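Participant: Okay, handing you the structure first.
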Amino acid sequence: MNVTICIGSSCHIKGSREVVDRMKELVNENGLSDKVELSGAFCMGHCKDGVCVTVDGKLYSVSPETVDDFFKNNVLAKV
């Protein structure tokens, strides 16, 4: 599974650093480092929706407050 998190300026202001850090923690806590590949992108073109995250190409809007639920519902449930 490929998970890409936008780290462009608009998403950075909205908390992408926190989303990245928490996603790394969740992947490791759940033993998914061999199944989930995390990567970053500088802009996904949906700045008003940020923090933009794609899972296997499907775009989602995530925040530091929603990252745990997002991971549970869109990553953990699908691996």
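FYI, nothing fancy with the structure tokens labels: chains A, B, ... in order, residues from 1 per chain, ligands from 1 as they appear.
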List the neighbours of region 58-70 of chain A out to 12 Å using only C-alpha atoms; skip same-chain residues closer than 6 positions along the sequence, and give me the result as a PyMOL selection string.
Facilitator: chain A and resi 1-6+11-27+29+44-52+76-78
Participant: Based on DSSP run over this structure's backbone, return all residues of chain A in helix (DSSP H, G or I), as a PyMOL selection string.
Facilitator: chain A and resi 9-13+16-29+47-49+67-74+76-78
Participant: Where in chain A does DSSP assign strand (DSSP E or B), given as a ChimeraX atom specification?
Facilitator: /A:2-6,37-41,52-55,58-61
Participant: Pull N, CA and C atoms from the residues just selected and write them as a PDB file, in the first residue's frame.
Facilitator:
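As a result, out_27.pdb now contains:
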```pdb
ATOM      1  N   ASN A   2       0.586   2.184  -0.874  1.00  0.00           N
ATOM      2  CA  ASN A   2       1.334   3.442  -0.938  1.00  0.00           C
ATOM      3  C   ASN A   2       0.519   4.572  -0.322  1.00  0.00           C
ATOM      4  N   VAL A   3       1.097   5.225   0.682  1.00  0.00           N
ATOM      5  CA  VAL A   3       0.463   6.363   1.348  1.00  0.00           C
ATOM      6  C   VAL A   3       1.382   7.564   1.144  1.00  0.00           C
ATOM      7  N   THR A   4       0.845   8.596   0.480  1.00  0.00           N
ATOM      8  CA  THR A   4       1.621   9.798   0.205  1.00  0.00           C
ATOM      9  C   THR A   4       0.991  10.971   0.931  1.00  0.00           C
ATOM     10  N   ILE A   5       1.829  11.717   1.640  1.00  0.00           N
ATOM     11  CA  ILE A   5       1.369  12.850   2.438  1.00  0.00           C
ATOM     12  C   ILE A   5       1.964  14.121   1.854  1.00  0.00           C
ATOM     13  N   CYS A   6       1.118  15.112   1.612  1.00  0.00           N
ATOM     14  CA  CYS A   6       1.588  16.386   1.084  1.00  0.00           C
ATOM     15  C   CYS A   6       2.356  17.138   2.172  1.00  0.00           C
ATOM     16  N   GLU A  37       4.006   1.736   2.502  1.00  0.00           N
ATOM     17  CA  GLU A  37       5.104   2.616   2.120  1.00  0.00           C
ATOM     18  C   GLU A  37       4.643   4.064   2.261  1.00  0.00           C
ATOM     19  N   LEU A  38       5.295   4.811   3.151  1.00  0.00           N
ATOM     20  CA  LEU A  38       4.984   6.226   3.345  1.00  0.00           C
ATOM     21  C   LEU A  38       5.922   7.056   2.486  1.00  0.00           C
ATOM     22  N   SER A  39       5.359   8.061   1.827  1.00  0.00           N
ATOM     23  CA  SER A  39       6.178   8.986   1.057  1.00  0.00           C
ATOM     24  C   SER A  39       5.577  10.373   1.147  1.00  0.00           C
ATOM     25  N   GLY A  40       6.322  11.354   0.666  1.00  0.00           N
ATOM     26  CA  GLY A  40       5.868  12.736   0.697  1.00  0.00           C
ATOM     27  C   GLY A  40       5.791  13.320  -0.697  1.00  0.00           C
ATOM     28  N   ALA A  41       5.000  14.362  -0.843  1.00  0.00           N
ATOM     29  CA  ALA A  41       4.881  15.104  -2.103  1.00  0.00           C
ATOM     30  C   ALA A  41       4.833  16.586  -1.757  1.00  0.00           C
ATOM     31  N   CYS A  52      -3.392  16.988   2.514  1.00  0.00           N
ATOM     32  CA  CYS A  52      -3.778  16.004   1.516  1.00  0.00           C
ATOM     33  C   CYS A  52      -2.966  14.725   1.695  1.00  0.00           C
ATOM     34  N   VAL A  53      -3.671  13.600   1.668  1.00  0.00           N
ATOM     35  CA  VAL A  53      -3.050  12.289   1.779  1.00  0.00           C
ATOM     36  C   VAL A  53      -3.693  11.395   0.729  1.00  0.00           C
ATOM     37  N   THR A  54      -2.862  10.641  -0.001  1.00  0.00           N
ATOM     38  CA  THR A  54      -3.417   9.659  -0.922  1.00  0.00           C
ATOM     39  C   THR A  54      -3.079   8.265  -0.420  1.00  0.00           C
ATOM     40  N   VAL A  55      -4.028   7.362  -0.602  1.00  0.00           N
ATOM     41  CA  VAL A  55      -3.829   5.954  -0.315  1.00  0.00           C
ATOM     42  C   VAL A  55      -4.080   5.227  -1.627  1.00  0.00           C
ATOM     43  N   LYS A  58      -5.996   7.379  -4.105  1.00  0.00           N
ATOM     44  CA  LYS A  58      -7.252   8.027  -3.714  1.00  0.00           C
ATOM     45  C   LYS A  58      -6.954   9.138  -2.708  1.00  0.00           C
ATOM     46  N   LEU A  59      -7.481  10.333  -2.975  1.00  0.00           N
ATOM     47  CA  LEU A  59      -7.187  11.522  -2.183  1.00  0.00           C
ATOM     48  C   LEU A  59      -8.105  11.655  -0.966  1.00  0.00           C
ATOM     49  N   TYR A  60      -7.498  12.004   0.162  1.00  0.00           N
ATOM     50  CA  TYR A  60      -8.223  12.246   1.410  1.00  0.00           C
ATOM     51  C   TYR A  60      -7.719  13.539   2.028  1.00  0.00           C
ATOM     52  N   SER A  61      -8.529  14.145   2.871  1.00  0.00           N
ATOM     53  CA  SER A  61      -8.134  15.302   3.660  1.00  0.00           C
ATOM     54  C   SER A  61      -7.999  14.845   5.108  1.00  0.00           C
TER      55      SER A  61
END
```
Participant: Restricting the calculation to only C-alpha atoms, which member of A:Asp56, A:Asn73, A:Asn30, A:Cys43 is positioned closest to Ile7 (chain A)?
Facilitator: A:Cys43
